[in-house]
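Source file: my_file-v2.txt. Holds: compact mmCIF, C-alpha atoms.
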# COMPACT_ATOMS: atom_id res chain seq x y z
CA MET A 1 -28.00 5.02 35.63
CA SER A 2 -29.76 3.27 32.77
CA THR A 3 -32.26 6.10 32.23
CA GLU A 4 -29.51 8.71 31.98
CA PRO A 5 -29.12 9.74 28.32
CA SER A 6 -25.76 8.69 27.00
CA LEU A 7 -23.51 9.05 23.99
CA PRO A 8 -22.33 5.94 22.12
CA HIS A 9 -18.90 5.36 23.55
CA PRO A 10 -17.42 3.41 20.58
CA GLU A 11 -18.52 6.16 18.18
CA LEU A 12 -17.01 8.81 20.41
CA LEU A 13 -13.73 6.93 20.46
CA ALA A 14 -13.86 6.52 16.72
CA ALA A 15 -14.42 10.27 16.28
CA ILE A 16 -11.34 11.27 18.28
CA PRO A 17 -8.77 11.04 15.45
CA ARG A 18 -10.91 13.27 13.23
CA LEU A 19 -11.56 15.72 16.06
CA ARG A 20 -7.82 15.93 16.75
CA ARG A 21 -7.09 16.55 13.12
CA TYR A 22 -9.70 19.29 12.87
CA ALA A 23 -8.44 20.81 16.13
CA ARG A 24 -4.94 20.98 14.67
CA VAL A 25 -6.30 22.69 11.62
CA LEU A 26 -8.14 25.18 13.84
CA THR A 27 -5.39 25.93 16.35
CA GLY A 28 -2.40 25.23 14.15
CA GLU A 29 -0.69 23.59 17.08
CA THR A 30 -0.67 20.10 18.55
CA THR A 31 -0.83 20.73 22.31
CA ARG A 32 -3.58 23.32 22.10
CA ALA A 33 -5.38 21.03 19.69
CA ASP A 34 -5.52 18.20 22.20
CA ASP A 35 -6.70 20.57 24.92
CA LEU A 36 -9.44 21.65 22.57
CA VAL A 37 -10.47 18.05 21.89
CA GLN A 38 -10.57 17.32 25.59
CA GLU A 39 -12.72 20.36 26.29
CA THR A 40 -14.98 19.40 23.39
CA LEU A 41 -15.53 15.89 24.75
CA ALA A 42 -16.26 17.26 28.22
CA ARG A 43 -18.77 19.70 26.72
CA ALA A 44 -20.34 16.93 24.66
CA TRP A 45 -20.99 14.90 27.80
CA GLU A 46 -22.43 17.94 29.55
CA LYS A 47 -24.76 18.59 26.65
CA ARG A 48 -25.54 14.98 25.85
CA ARG A 49 -29.26 15.58 26.24
CA LEU A 50 -29.07 17.81 23.17
CA TRP A 51 -27.72 15.13 20.89
CA ALA A 52 -30.49 13.40 18.94
CA ALA A 53 -29.57 9.71 18.86
CA GLY A 54 -29.18 8.44 15.35
CA THR A 55 -28.01 11.78 13.93
CA ASP A 56 -24.46 12.41 12.80
CA LEU A 57 -22.34 12.42 15.96
CA ARG A 58 -19.27 13.67 14.12
CA ALA A 59 -20.99 16.80 12.80
CA TRP A 60 -22.41 17.49 16.26
CA LEU A 61 -18.95 17.16 17.85
CA PHE A 62 -17.40 19.41 15.21
CA THR A 63 -20.04 22.04 15.94
CA ILE A 64 -19.27 21.89 19.66
CA MET A 65 -15.56 22.12 18.96
CA HIS A 66 -16.03 25.13 16.78
CA ASN A 67 -18.04 26.91 19.49
CA VAL A 68 -15.48 26.07 22.16
CA PHE A 69 -12.74 27.40 19.91
CA VAL A 70 -14.58 30.64 19.15
CA ASN A 71 -15.29 31.22 22.84
CA GLN A 72 -11.70 30.56 23.82
CA ARG A 73 -10.52 32.97 21.16
CA ALA A 74 -12.92 35.65 22.39
CA LEU A 75 -11.67 35.18 25.95
CA ALA A 76 -8.06 35.32 24.83
CA ARG A 77 -8.78 38.53 22.97
CA ARG A 78 -10.40 40.08 26.01
CA ASP A 79 -7.39 39.12 28.13
CA ALA A 80 -5.11 40.48 25.46
CA GLN A 81 -6.27 44.00 26.28
CA ASN A 82 -4.45 43.68 29.58
CA VAL A 83 -1.78 41.15 28.85
CA SER A 84 -0.10 40.81 25.52
CA ILE A 85 -0.58 37.39 24.01
CA ASP A 86 2.02 36.57 21.47
CA GLY A 87 0.71 36.83 17.95
CA ASP A 88 -2.41 34.93 16.97
CA GLU A 89 -4.82 37.74 17.78
CA ASP A 90 -7.07 36.91 14.90
CA GLY A 91 -6.28 33.22 14.96
CA ASN A 92 -4.65 33.89 11.63
CA ALA A 93 -1.10 33.07 12.55
CA ALA A 94 0.53 30.40 10.44
CA TRP A 95 0.40 27.07 12.16
CA GLN A 96 3.28 25.83 14.18
CA ILE A 97 2.82 22.13 13.62
CA PRO A 98 6.40 21.17 12.86
CA VAL A 99 6.78 19.72 9.43
CA ARG A 100 8.61 16.81 10.98
CA ALA A 101 5.55 15.94 13.06
CA MET A 102 3.52 15.81 9.89
CA GLN A 103 5.36 12.65 9.01
CA GLN A 104 5.46 13.74 5.43
CA THR A 105 8.20 12.67 3.14
CA ARG A 106 6.82 14.06 -0.08
CA VAL A 107 7.83 17.57 -0.91
CA GLU A 108 4.61 18.60 -2.61
CA LEU A 109 2.56 17.44 0.37
CA MET A 110 4.70 19.38 2.81
CA GLU A 111 4.35 22.34 0.50
CA ILE A 112 0.56 22.20 0.48
CA LEU A 113 0.44 21.83 4.27
CA ARG A 114 2.60 24.89 4.65
CA GLU A 115 0.38 26.89 2.33
CA VAL A 116 -2.83 25.75 3.99
CA GLY A 117 -1.28 26.80 7.28
CA ARG A 118 -0.83 30.30 5.91
CA LEU A 119 -4.47 30.70 4.97
CA PRO A 120 -6.64 32.73 7.34
CA VAL A 121 -8.24 30.30 9.79
CA ASP A 122 -11.75 30.96 8.41
CA GLN A 123 -10.75 29.86 4.93
CA ARG A 124 -8.49 27.05 6.11
CA VAL A 125 -11.29 25.48 8.11
CA VAL A 126 -13.83 25.59 5.28
CA LEU A 127 -11.33 24.11 2.86
CA VAL A 128 -10.47 21.21 5.16
CA LEU A 129 -14.09 20.46 6.01
CA ALA A 130 -15.01 20.37 2.33
CA ALA A 131 -11.96 18.74 0.78
CA VAL A 132 -10.72 16.45 3.55
CA GLU A 133 -13.74 15.73 5.76
CA GLU A 134 -15.92 15.77 2.64
CA MET A 135 -18.81 17.44 4.40
CA ARG A 136 -21.66 18.88 2.40
CA TYR A 137 -21.82 22.69 2.22
CA GLU A 138 -24.96 22.70 4.35
CA GLU A 139 -23.19 20.64 7.03
CA ILE A 140 -20.23 23.00 7.00
CA ALA A 141 -22.56 25.98 7.29
CA ALA A 142 -24.20 24.35 10.32
CA VAL A 143 -20.89 23.48 11.99
CA LEU A 144 -19.57 27.03 11.57
CA SER A 145 -22.92 28.84 12.06
CA ILE A 146 -22.52 30.77 8.82
CA PRO A 147 -24.66 30.97 5.66
CA VAL A 148 -24.00 28.51 2.84
CA GLY A 149 -23.06 31.43 0.58
CA THR A 150 -20.25 32.36 2.97
CA VAL A 151 -19.00 28.77 2.94
CA MET A 152 -18.78 28.94 -0.84
CA SER A 153 -17.05 32.28 -1.02
CA ARG A 154 -14.46 31.30 1.60
CA LEU A 155 -13.85 28.05 -0.17
CA SER A 156 -13.27 29.69 -3.51
CA ARG A 157 -10.95 32.29 -1.96
CA ALA A 158 -8.95 29.56 -0.23
CA ARG A 159 -8.54 27.58 -3.42
CA GLU A 160 -7.67 30.65 -5.39
CA LYS A 161 -4.92 31.50 -2.93
CA LEU A 162 -3.45 28.00 -2.99
CA ARG A 163 -3.53 28.10 -6.75
CA ARG A 164 -1.64 31.38 -6.95
CA VAL A 165 1.02 30.00 -4.63
CA ALA A 166 1.31 26.84 -6.68
CA GLN A 167 1.80 28.88 -9.83
CA ALA A 168 4.34 31.22 -8.25
CA THR A 169 6.50 28.35 -7.01
CA PRO A 170 6.92 25.73 -9.70
CA THR A 171 7.09 22.21 -8.34
CA GLU A 172 10.47 21.19 -7.04
CA PRO A 173 12.26 18.47 -8.92
CA SER A 174 11.33 15.14 -7.42
CA THR A 175 14.96 14.28 -6.72
CA LEU A 176 14.64 16.27 -3.50
CA LYS A 177 14.42 13.80 -0.65
CA ILE A 178 13.82 14.31 3.02
CA VAL A 179 16.45 12.63 5.14
CA LYS A 180 15.25 11.48 8.52
CA MET B 181 -32.83 28.10 -22.45
CA ASN B 182 -29.30 29.38 -22.26
CA PRO B 183 -27.33 28.18 -19.24
CA LEU B 184 -26.30 30.81 -16.73
CA PRO B 185 -22.66 31.86 -17.00
CA LEU B 186 -20.29 29.70 -15.00
CA THR B 187 -18.99 31.20 -11.78
CA ASP B 188 -16.06 30.23 -9.64
CA ALA B 189 -18.55 29.04 -7.02
CA ASP B 190 -20.04 26.69 -9.64
CA LEU B 191 -16.65 25.16 -10.30
CA ASN B 192 -15.94 24.70 -6.61
CA ALA B 193 -19.32 23.11 -6.03
CA TYR B 194 -18.81 20.92 -9.07
CA VAL B 195 -15.50 19.63 -7.72
CA ASP B 196 -17.05 19.01 -4.31
CA GLY B 197 -20.02 17.18 -5.82
CA ALA B 198 -22.35 19.84 -4.41
CA LEU B 199 -24.06 20.95 -7.64
CA ALA B 200 -27.58 19.96 -8.54
CA PRO B 201 -27.42 17.32 -11.32
CA ALA B 202 -28.86 19.69 -13.94
CA ARG B 203 -26.30 22.38 -13.22
CA ALA B 204 -23.51 19.79 -13.08
CA ALA B 205 -24.50 18.67 -16.57
CA GLU B 206 -24.21 22.26 -17.79
CA VAL B 207 -20.76 22.52 -16.25
CA GLU B 208 -19.76 19.36 -18.04
CA GLN B 209 -20.87 20.81 -21.36
CA VAL B 210 -18.62 23.80 -20.79
CA LEU B 211 -15.74 21.54 -19.70
CA ALA B 212 -16.02 19.64 -22.96
CA LYS B 213 -15.30 22.84 -24.88
CA ASP B 214 -13.10 24.95 -22.64
CA ALA B 215 -9.60 23.62 -22.00
CA ALA B 216 -8.72 26.38 -19.51
CA ILE B 217 -11.70 25.60 -17.29
CA THR B 218 -11.01 21.88 -17.60
CA ALA B 219 -7.47 22.52 -16.39
CA ARG B 220 -8.76 24.61 -13.48
CA VAL B 221 -11.10 21.80 -12.40
CA ALA B 222 -8.30 19.25 -12.65
CA GLU B 223 -6.14 21.51 -10.53
CA MET B 224 -8.79 21.78 -7.81
CA ARG B 225 -9.21 18.01 -7.76
CA GLN B 226 -5.46 17.69 -7.48
CA GLN B 227 -5.48 20.12 -4.54
CA ASN B 228 -8.20 18.11 -2.83
CA SER B 229 -6.40 14.83 -3.12
CA ALA B 230 -3.06 16.32 -2.09
CA LEU B 231 -4.73 17.78 1.00
CA ARG B 232 -6.27 14.46 1.91
CA GLU B 233 -3.01 12.69 1.36
CA ALA B 234 -1.21 15.23 3.53
CA LEU B 235 -3.71 15.24 6.40
CA ASP B 236 -4.81 11.61 6.50
CA PRO B 237 -1.63 10.38 8.23
CA TRP B 238 -2.60 12.50 11.25
CA LEU B 239 -5.52 10.14 11.83
CA ALA B 240 -3.11 7.33 12.66
CA ASP B 241 -1.42 9.17 15.53
CA PRO B 242 -1.78 7.32 18.83
CA ILE B 243 -4.50 8.83 21.02
CA PRO B 244 -3.28 10.24 24.34
CA PRO B 245 -4.82 8.55 27.43
CA ALA B 246 -6.31 11.86 28.56
CA LEU B 247 -8.50 11.94 25.46
CA LEU B 248 -9.52 8.30 25.75
CA ASP B 249 -10.53 9.16 29.24
CA ALA B 250 -12.48 12.24 28.21
CA ALA B 251 -14.55 10.08 25.88
CA ARG B 252 -15.92 8.14 28.85
CA MET B 253 -19.16 9.08 30.47
CA PRO B 254 -18.28 11.37 33.38
CA GLN B 255 -19.30 9.99 36.76
CA ALA B 256 -20.03 13.28 38.44
CA SER B 257 -21.13 16.81 37.59
CA ALA B 258 -18.87 19.02 35.53
CA ARG B 259 -18.17 21.40 38.38
CA TRP B 260 -17.12 18.55 40.61
CA ARG B 261 -14.96 17.09 37.88
CA ARG B 262 -13.13 20.30 37.29
CA PHE B 263 -12.10 20.55 40.93
CA ALA B 264 -11.98 16.84 41.59
CA PRO B 265 -8.20 16.63 41.96
CA TYR B 266 -8.23 19.22 44.75
CA PHE B 267 -11.31 17.88 46.49
CA ALA B 268 -10.02 14.37 46.13
CA ALA B 269 -6.70 15.22 47.71
CA ALA B 270 -8.40 16.93 50.64
CA ALA B 271 -11.06 14.29 51.03
CA THR B 272 -8.56 11.47 50.98
CA LEU B 273 -6.86 12.96 53.99
CA LEU B 274 -10.14 13.50 55.78
CA LEU B 275 -11.99 10.34 55.02
CA GLY B 276 -9.21 7.85 55.29
CA VAL B 277 -8.31 4.86 53.27
CA ALA B 278 -11.70 3.31 52.58
CA SER B 279 -13.35 6.21 50.80
CA GLY B 280 -10.01 7.59 49.74
CA TRP B 281 -9.47 4.71 47.40
CA TYR B 282 -12.28 5.75 45.10
CA LEU B 283 -11.22 9.39 45.16
CA ARG B 284 -7.68 8.43 44.35
CA ASP B 285 -9.05 6.96 41.16
CA VAL B 286 -10.82 10.18 40.34
CA THR B 287 -7.64 12.15 40.96
CA LEU B 288 -5.52 9.96 38.76
CA GLU B 289 -8.20 9.97 36.15
CA ARG B 290 -8.20 13.76 35.92
CA GLY B 291 -4.46 13.53 35.50
CA GLY B 292 -5.16 11.60 32.32
CA THR B 293 -4.21 8.16 33.58
CA PRO B 294 -6.79 5.43 33.28
CA THR B 295 -6.55 3.81 36.64
CA THR B 296 -7.54 0.22 37.01
CA PHE B 297 -6.41 -2.67 34.93
CA ALA B 298 -10.02 -3.57 34.15
CA ARG B 299 -10.89 -0.07 32.96
CA GLN B 300 -7.82 0.17 30.81
CA ALA B 301 -8.62 -3.21 29.29
CA ALA B 302 -12.22 -2.19 28.57
CA LEU B 303 -11.18 1.07 26.90
CA THR B 304 -8.61 -0.68 24.77
CA HIS B 305 -11.10 -3.37 23.86
CA ALA B 306 -13.73 -0.81 22.80
CA LEU B 307 -11.19 1.03 20.70
CA TYR B 308 -9.99 -1.95 18.68
CA ALA B 309 -13.02 -4.24 18.71
CA GLY B 310 -15.00 -1.30 17.27
CA ASP B 311 -12.63 -1.05 14.35
CA ILE B 312 -14.30 -3.12 11.67
CA ASN B 313 -11.50 -3.18 9.13
CA ARG B 314 -8.35 -3.09 11.19
CA PRO B 315 -8.94 -4.52 14.67
CA VAL B 316 -5.51 -6.15 14.68
CA GLU B 317 -2.08 -5.49 13.32
CA ILE B 318 -1.19 -9.07 12.46
CA TRP B 319 -3.95 -11.39 11.33
CA ALA B 320 -4.52 -14.92 12.55
CA ALA B 321 -3.19 -16.31 9.27
CA GLU B 322 0.24 -15.40 10.59
CA GLU B 323 -0.35 -16.55 14.14
CA LYS B 324 3.17 -17.83 14.56
CA ARG B 325 4.72 -14.53 13.55
CA LEU B 326 2.26 -12.70 15.79
CA VAL B 327 3.08 -14.79 18.84
CA THR B 328 6.84 -14.56 18.28
CA TRP B 329 6.66 -10.81 17.85
CA LEU B 330 4.51 -10.21 20.93
CA SER B 331 6.60 -12.56 23.05
CA ARG B 332 9.74 -10.71 22.06
CA ARG B 333 8.22 -7.29 22.75
CA LEU B 334 6.93 -8.38 26.15
CA GLY B 335 9.83 -10.56 27.18
CA LEU B 336 7.22 -13.15 28.06
CA ALA B 337 6.23 -16.33 26.29
CA VAL B 338 2.65 -15.49 25.39
CA HIS B 339 0.38 -17.52 23.20
CA ALA B 340 -3.12 -17.15 21.85
CA PRO B 341 -5.51 -19.55 23.57
CA ASP B 342 -7.79 -21.58 21.31
CA LEU B 343 -11.38 -20.45 21.91
CA ASN B 344 -12.96 -22.31 19.01
CA GLY B 345 -14.67 -24.52 21.57
CA ALA B 346 -16.62 -21.48 22.72
CA GLY B 347 -17.34 -20.45 19.13
CA PHE B 348 -14.70 -17.72 18.98
CA ALA B 349 -12.01 -17.80 16.31
CA LEU B 350 -8.76 -15.88 16.55
CA VAL B 351 -8.81 -12.72 14.40
CA GLY B 352 -5.23 -11.72 15.18
CA GLY B 353 -3.43 -9.46 17.57
CA ARG B 354 -1.48 -6.30 18.19
CA LEU B 355 0.74 -4.59 20.71
CA VAL B 356 -1.07 -1.90 22.71
CA ALA B 357 -0.05 0.60 25.37
CA GLY B 358 -1.82 -0.30 28.60
CA ASN B 359 -1.20 2.09 31.50
CA GLU B 360 2.35 2.65 30.33
CA ARG B 361 2.96 -1.08 30.06
CA PRO B 362 3.37 -2.73 26.67
CA THR B 363 0.48 -5.14 26.42
CA ALA B 364 -0.27 -7.97 24.02
CA LEU B 365 -3.81 -8.04 22.67
CA PHE B 366 -5.43 -11.04 21.00
CA MET B 367 -8.77 -10.47 19.28
CA TYR B 368 -11.43 -13.15 18.74
CA GLU B 369 -14.71 -13.12 16.87
CA ASN B 370 -17.71 -15.44 16.75
CA ALA B 371 -20.20 -16.14 13.96
CA ASP B 372 -22.37 -13.22 15.15
CA LYS B 373 -19.40 -10.87 14.75
CA GLN B 374 -19.16 -10.37 18.49
CA ARG B 375 -15.61 -9.70 19.53
CA LEU B 376 -13.58 -10.67 22.53
CA SER B 377 -10.10 -9.57 23.40
CA LEU B 378 -7.51 -11.04 25.69
CA GLN B 379 -4.90 -8.60 26.98
CA VAL B 380 -1.65 -9.55 28.64
CA PRO B 381 0.51 -6.71 30.03
CA LYS B 382 4.27 -6.99 30.28
CA GLN B 383 4.26 -6.67 34.05
CA PRO B 384 1.20 -7.28 36.20
CA PRO B 385 -0.20 -4.03 37.62
CA ARG B 386 0.93 -3.33 41.16
CA THR B 387 -2.18 -4.08 43.10
CA SER B 388 -3.56 -5.86 46.08
CA GLU B 389 -6.25 -7.45 43.95
CA VAL B 390 -5.52 -11.12 43.46
CA ALA B 391 -7.57 -13.99 42.08
CA PHE B 392 -10.41 -13.63 39.62
CA ARG B 393 -12.55 -10.59 39.19
CA TYR B 394 -15.35 -9.48 36.95
CA ALA B 395 -16.06 -5.82 36.26
CA ILE B 396 -18.26 -3.89 33.85
CA GLU B 397 -16.65 -0.73 32.49
CA ASP B 398 -18.61 1.37 30.00
CA GLY B 399 -20.77 -1.58 29.07
CA VAL B 400 -17.77 -3.83 28.41
CA GLY B 401 -17.50 -6.87 30.65
CA VAL B 402 -13.96 -7.56 31.83
CA TYR B 403 -12.99 -10.83 33.43
CA TYR B 404 -9.48 -10.49 34.79
CA TRP B 405 -6.98 -12.17 37.00
CA ILE B 406 -3.73 -10.92 38.40
CA ASP B 407 -1.05 -12.66 40.34
CA ASP B 408 2.63 -12.05 41.02
CA ALA B 409 3.87 -13.27 37.68
CA CYS B 410 1.25 -12.17 35.21
CA ALA B 411 -2.12 -10.64 34.55
CA TYR B 412 -4.84 -11.28 31.98
CA ALA B 413 -7.96 -9.40 31.03
CA LEU B 414 -10.66 -10.90 28.86
CA SER B 415 -13.03 -8.21 27.59
CA GLY B 416 -16.22 -8.34 25.59
CA GLN B 417 -19.84 -7.32 25.44
CA LEU B 418 -21.18 -10.73 26.38
CA ASP B 419 -23.24 -11.65 29.39
CA ARG B 420 -21.47 -12.44 32.57
CA ALA B 421 -22.04 -16.21 32.53
CA GLN B 422 -20.55 -16.50 29.04
CA MET B 423 -17.58 -14.37 30.00
CA LEU B 424 -16.90 -16.51 33.03
CA THR B 425 -17.11 -19.75 31.06
CA ILE B 426 -14.70 -18.47 28.42
CA GLY B 427 -12.48 -16.96 31.09
CA ARG B 428 -12.13 -20.32 32.78
CA ALA B 429 -11.30 -21.99 29.49
CA VAL B 430 -8.60 -19.40 28.84
CA TYR B 431 -7.19 -19.83 32.30
CA ALA B 432 -7.08 -23.61 32.00
CA GLN B 433 -5.25 -23.45 28.68
CA LEU B 434 -2.77 -20.86 29.86
CA ALA B 435 -2.04 -22.81 33.01
CA ALA B 436 -1.40 -25.87 30.88
CA ALA B 437 0.89 -23.96 28.54
CA GLU B 438 2.71 -22.19 31.37
CA THR B 439 2.40 -18.90 29.58
CA GLY B 440 3.82 -15.91 31.30
CA THR B 441 7.16 -17.45 32.15
CA PRO B 442 10.06 -15.14 31.33
CA LEU B 443 11.89 -15.87 28.11
CA LYS B 444 15.18 -17.65 28.60

As structure tokens - that is how I would like this structure written.
Amino acid sequence: MSTEPSLPHPELLAAIPRLRRYARVLTGETTRADDLVQETLARAWEKRRLWAAGTDLRAWLFTIMHNVFVNQRALARRDAQNVSIDGDEDGNAAWQIPVRAMQQTRVELMEILREVGRLPVDQRVVLVLAAVEEMRYEEIAAVLSIPVGTVMSRLSRAREKLRRVAQATPTEPSTLKIVK
Amino acid sequence: MNPLPLTDADLNAYVDGALAPARAAEVEQVLAKDAAITARVAEMRQQNSALREALDPWLADPIPPALLDAARMPQASARWRRFAPYFAAAATLLLGVASGWYLRDVTLERGGTPTTFARQAALTHALYAGDINRPVEIWAAEEKRLVTWLSRRLGLAVHAPDLNGAGFALVGGRLVAGNERPTALFMYENADKQRLSLQVPKQPPRTSEVAFRYAIEDGVGVYYWIDDACAYALSGQLDRAQMLTIGRAVYAQLAAAETGTPLK
């Protein structure tokens, strides 16, 4: 038992909130997100020999999660040829995380979440990894298995889109309050 | 040498701190002169911080037990695990009570429910003791408020034993969800920053285990005792002898204080 390679349990636990958040960004939905996290953790344990101790566990987990997600999407697409799966064929559907569940009370924050949810998943993911997870472009490229140049172009398209939306809809007056 | 013209990618990389220092300096020169580009950069920064502000609250959501469980080292091969609930159900019938007990654990575990009191205590300990900045919700400075609050939530008169004799000072405490039972958690720390936690669930787990037990779950030692009225779990990454000594001290103090009696 002691010779078996292992993953640091406290670090795994500590990574769960970030994995869940990224999974929600990927799937746009809370239940599927948690399923994805669970599958990712299971896969991480299966592949634990591949993790080099001392390297960034979070980045490694994100990479696994991305692969699991891509595989699931490919399977869903294959099934979709026989059975129709509602929407989401390209994973580009707007996310269904209810605004209420976002626990946001500030209008401009709800607004930005809604707009990020409308971005194509490829752009949404790059934006969140760069702006929220504050990963370096090289790390993002590794997590998503894409060239750094693609990371940069997706990022600039995502920001451009958010900017156009922000300009089209002037900020609401701050007297607007959300009543619980 | 004239700087290369600024691209949108340059601005993005500048905002994300991903530009080489030389190129970043060139961007700054342009920013000093060009108000439109300065505004664009400010807008991107604003977007970044709004996004963080919007998404950071998600990190505080309570973690479902199924995920806590998935973070543990699996005990068997993946194929077995996937079908464990079915095998376990069949095997329990076949093999009878003795071996069935272990398999029952596996079955419940796949259902997302941490099974034993000791395991639950160890998981909870690892989660909060590993949190450097916020291991507790109410700090020891407000011990009285902490104890009143936890006692009210549990409907039990709990108190935080004094472990200074063993070199552990109270850090504080919080309410946690142990196997669907509200549970009080007191956290202690010694001079070497080792942490111990004492967990007291609202009702003792239904179990045939009585008296004192010691278990190691995921490298966390758990010294626990359960009787009809109450249950306690002391968890920490100390050696067994130390855990037992501290456990006895806790028990003696609690017995003296008659903790665990229902509130009048």

Taken to one decimal, the atom CA of Gln38 of chain A-atom CA of Pro120 of chain A distance is 24.2 Å

Could you write out as an MDAnalysis selection string the residues of chain A within 6 Å of chain B, counting all atoms listed in the file?
-> chainID A and resid 17 38 41 109 131:132

Output of the above residues as a PDB file, in the coordinates of the input, restricted to C-alpha atoms:
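Once everything was written out, this is part_27.pdb:
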ATOM      1  CA  PRO A  17      -8.770  11.040  15.450  1.00  0.00           C
ATOM      2  CA  GLN A  38     -10.570  17.320  25.590  1.00  0.00           C
ATOM      3  CA  LEU A  41     -15.530  15.890  24.750  1.00  0.00           C
ATOM      4  CA  LEU A 109       2.560  17.440   0.370  1.00  0.00           C
ATOM      5  CA  ALA A 131     -11.960  18.740   0.780  1.00  0.00           C
ATOM      6  CA  VAL A 132     -10.720  16.450   3.550  1.00  0.00           C
TER       7      VAL A 132
END

Taking (-12.6, -6.1, 30.9) in the coordinates of the supplied file, I want to know which residues reach to within 8 Å of it, counting all atoms listed in the file; could you give the answer as a PDB file with C-alpha atoms, in the frame of the given file?
ATOM      1  CA  ALA B 298     -10.020  -3.570  34.150  1.00  0.00           C
ATOM      2  CA  ARG B 299     -10.890  -0.070  32.960  1.00  0.00           C
ATOM      3  CA  GLN B 300      -7.820   0.170  30.810  1.00  0.00           C
ATOM      4  CA  ALA B 301      -8.620  -3.210  29.290  1.00  0.00           C
ATOM      5  CA  ALA B 302     -12.220  -2.190  28.570  1.00  0.00           C
ATOM      6  CA  HIS B 305     -11.100  -3.370  23.860  1.00  0.00           C
ATOM      7  CA  TYR B 394     -15.350  -9.480  36.950  1.00  0.00           C
ATOM      8  CA  ALA B 395     -16.060  -5.820  36.260  1.00  0.00           C
ATOM      9  CA  ILE B 396     -18.260  -3.890  33.850  1.00  0.00           C
ATOM     10  CA  GLU B 397     -16.650  -0.730  32.490  1.00  0.00           C
ATOM     11  CA  VAL B 400     -17.770  -3.830  28.410  1.00  0.00           C
ATOM     12  CA  GLY B 401     -17.500  -6.870  30.650  1.00  0.00           C
ATOM     13  CA  VAL B 402     -13.960  -7.560  31.830  1.00  0.00           C
ATOM     14  CA  TYR B 403     -12.990 -10.830  33.430  1.00  0.00           C
ATOM     15  CA  TYR B 404      -9.480 -10.490  34.790  1.00  0.00           C
ATOM     16  CA  ALA B 413      -7.960  -9.400  31.030  1.00  0.00           C
ATOM     17  CA  LEU B 414     -10.660 -10.900  28.860  1.00  0.00           C
ATOM     18  CA  SER B 415     -13.030  -8.210  27.590  1.00  0.00           C
ATOM     19  CA  GLY B 416     -16.220  -8.340  25.590  1.00  0.00           C
TER      20      GLY B 416
END

Segment 148-165 of chain A: which residues within 6 Å, counting all atoms listed in the file, same-chain residues fewer than 6 positions away excluded, as a PyMOL selection string?
-> chain A and resi 123+126-127+141

Rounded to one decimal in Å, what is the spacing between atom CA of Val327 of chain B and atom CA of Gln417 of chain B?
-> 25.0 Å

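Each of A:Arg43, A:His9, A:Arg18, A:Arg73 was compared to Ala59 of chain A using all atoms listed in the file, and A:Arg18 turns out to be the nearest.
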
Restricting to only C-alpha atoms, whichever of A:Tyr22, A:Phe69, A:Glu11, A:Asp56 is closest to Val128 of chain A is A:Tyr22

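Across the model, the gap from atom CA of Asn71 of chain A to atom CA of Lys47 of chain A is 16.2 Å.
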
Taking all atoms of segment 61-75 of chain A that the file lists, what box with edges along x, y and z, padded by 4 Å per side, do you get, with centre and edge lengths in Å to one decimal, as JSON?
{"center_x": -15.3, "center_y": 26.4, "center_z": 20.6, "size_x": 17.5, "size_y": 26.5, "size_z": 18.7}

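If you measure from each of B:Ala346, B:Leu334, B:Ile312, B:Val221 to Lys382 of chain B using all atoms listed in the file, the closest one turns out to be B:Leu334.
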